[in-house]
$ cat protein24.cif   # mmCIF, C-alpha atoms and all ligand atoms
data_run
#
loop_
_atom_site.group_PDB
_atom_site.id
_atom_site.type_symbol
_atom_site.label_atom_id
_atom_site.label_comp_id
_atom_site.auth_asym_id
_atom_site.auth_seq_id
_atom_site.Cartn_x
_atom_site.Cartn_y
_atom_site.Cartn_z
ATOM 1 C CA MET A 277 45.532 -126.741 -57.652
ATOM 2 C CA THR A 278 42.370 -128.250 -59.041
ATOM 3 C CA GLN A 279 41.000 -126.962 -62.282
ATOM 4 C CA GLU A 280 38.186 -124.532 -61.760
ATOM 5 C CA ILE A 281 35.353 -124.440 -64.255
ATOM 6 C CA ILE A 282 32.603 -121.888 -64.167
ATOM 7 C CA LEU A 283 28.972 -122.829 -64.350
ATOM 8 C CA LEU A 284 26.786 -122.535 -67.382
ATOM 9 C CA GLU A 285 23.146 -121.960 -66.704
ATOM 10 C CA ALA A 286 21.119 -123.705 -69.393
ATOM 11 C CA SER A 287 23.109 -124.092 -72.571
ATOM 12 C CA GLU A 288 23.315 -120.486 -73.510
ATOM 13 C CA ARG A 289 26.578 -118.790 -74.116
ATOM 14 C CA ASP A 290 25.467 -115.717 -72.238
ATOM 15 C CA ALA A 291 24.360 -117.597 -69.141
ATOM 16 C CA TRP A 292 27.711 -117.864 -67.428
ATOM 17 C CA ILE A 293 27.912 -117.894 -63.674
ATOM 18 C CA CYS A 294 31.358 -117.315 -62.273
ATOM 19 C CA LEU A 295 32.593 -119.030 -59.134
ATOM 20 C CA CYS A 296 32.272 -115.663 -57.426
ATOM 21 C CA GLY A 297 28.591 -115.471 -58.349
ATOM 22 C CA ASN A 298 28.983 -112.901 -61.091
ATOM 23 C CA GLU A 299 26.628 -113.214 -64.040
ATOM 24 C CA PRO A 300 26.390 -111.412 -67.364
ATOM 25 C CA GLN A 301 23.491 -109.383 -66.018
ATOM 26 C CA SER A 302 25.478 -108.091 -63.072
ATOM 27 C CA ASP A 303 29.150 -107.202 -63.454
ATOM 28 C CA GLY A 304 29.553 -109.266 -66.587
ATOM 29 C CA PHE A 305 32.434 -110.785 -68.519
ATOM 30 C CA TYR A 306 34.596 -109.072 -71.092
ATOM 31 C CA PRO A 307 37.139 -110.195 -73.695
ATOM 32 C CA CYS A 308 40.660 -110.080 -72.330
ATOM 33 C CA ASP A 309 44.210 -111.074 -73.142
ATOM 34 C CA LYS A 310 46.173 -113.868 -71.487
ATOM 35 C CA THR A 311 47.002 -111.723 -68.488
ATOM 36 C CA GLY A 312 43.395 -110.742 -67.881
ATOM 37 C CA ASN A 313 43.512 -107.213 -69.189
ATOM 38 C CA GLU A 314 40.388 -106.283 -71.108
ATOM 39 C CA MET A 315 40.802 -105.951 -74.863
ATOM 40 C CA GLU A 316 38.684 -105.633 -77.969
ATOM 41 C CA PRO A 317 37.998 -109.080 -79.467
ATOM 42 C CA VAL A 318 40.088 -108.382 -82.531
ATOM 43 C CA THR A 319 42.415 -110.604 -84.548
ATOM 44 C CA GLY A 320 44.806 -112.337 -82.217
ATOM 45 C CA TRP A 321 42.350 -112.511 -79.378
ATOM 46 C CA SER A 322 42.607 -115.943 -77.797
ATOM 47 C CA GLY A 323 38.987 -116.344 -76.783
ATOM 48 C CA LEU A 324 39.454 -115.455 -73.147
ATOM 49 C CA TYR A 325 37.085 -113.518 -70.953
ATOM 50 C CA VAL A 326 37.744 -111.829 -67.649
ATOM 51 C CA CYS A 327 35.198 -111.788 -64.861
ATOM 52 C CA TYR A 328 34.631 -108.162 -64.007
ATOM 53 C CA ARG A 329 34.043 -108.949 -60.375
ATOM 54 C CA CYS A 330 36.820 -111.311 -59.347
ATOM 55 C CA GLY A 331 39.322 -111.175 -62.225
ATOM 56 C CA ARG A 332 39.172 -114.849 -63.102
ATOM 57 C CA ILE A 333 40.238 -115.454 -66.677
ATOM 58 C CA ILE A 334 37.894 -117.823 -68.472
ATOM 59 C CA ASN A 335 38.316 -119.804 -71.675
ATOM 60 C CA GLN A 336 35.090 -119.375 -73.617
ATOM 61 C CA ASP A 337 35.236 -122.831 -75.184
ATOM 62 C CA SER A 338 35.970 -124.993 -72.159
ATOM 63 C CA LEU A 339 34.702 -122.547 -69.512
ATOM 64 C CA ALA A 340 37.859 -123.409 -67.600
ATOM 65 C CA VAL A 341 39.414 -120.809 -65.355
ATOM 66 C CA VAL A 342 42.891 -120.367 -66.790
ATOM 67 C CA GLY A 343 44.136 -117.704 -64.444
ATOM 68 C CA ARG A 344 43.260 -114.787 -62.284
ATOM 69 C CA ASN A 345 44.234 -111.167 -62.272
ATOM 70 C CA LEU A 346 42.763 -109.139 -59.469
ATOM 71 C CA ASP A 347 44.285 -105.972 -60.842
ATOM 72 C CA PHE A 348 43.244 -106.332 -64.484
ATOM 73 C CA LYS A 349 42.922 -103.314 -66.718
ATOM 74 C CA LYS A 350 39.490 -102.237 -67.897
ATOM 75 C CA LEU A 351 38.850 -100.487 -71.167
ATOM 76 C CA LYS A 352 36.166 -98.237 -69.738
HETATM 77 ZN ZN ZN B 401 34.168 -114.007 -60.948
#
$ encode --input "protein24.cif" --output "structure tokens"
Amino acid sequence: MTQEIILLEASERDAWICLCGNEPQSDGFYPCDKTGNEMEPVTGWSGLYVCYRCGRIINQDSLAVVGRNLDFKKLK
């Protein structure tokens, strides 16, 4: 499997575009744990975000897709 990396529009942190087309202004991205379940970005958080549309798990530093969880748990 090739490494997927999401797109970054401009150089802004909040300008992510997921491979599914999701953007922060639409469904958005939220902090999650390693399995893709949404969590508060507290101590121990590993810097991962989950795409709220497709469940891809994204590393905020490299923008690499590190996994996918279609059935991830949302906080709200
Ligand atoms: Zn997505």
$ residues_around --input "protein24.cif" --residues "Lys310 (chain A)" --least-positions-apart "5" --cutoff "9 Å" --atoms "all atoms listed in the file" --output "MDAnalysis selection string"
chainID A and resid 321:322 324 333 342:343
$ resolve_selection --input "protein24.cif" --expression "the PyMOL selection byres (((not hetatm)) within 8 of (chain B and resi 401))" --output "list in words"
Ile293, Cys294, Leu295, Cys296, Gly297, Asn298, Val326, Cys327, Tyr328, Arg329, Cys330, Gly331 and Arg332 of chain A
$ closest_residue --input "protein24.cif" --among "A:Glu285, A:Gln301, A:Gly320, A:Tyr325" --to "Arg344 (chain A)" --atoms "all atoms listed in the file"
A:Tyr325
$ atom_distance --input "protein24.cif" --atom1 "CA of Leu284 (chain A)" --atom2 "CA of Thr311 (chain A)"
23.0 Å
$ atom_distance --input "protein24.cif" --atom1 "CA of Glu280 (chain A)" --atom2 "CA of Tyr306 (chain A)"
18.4 Å
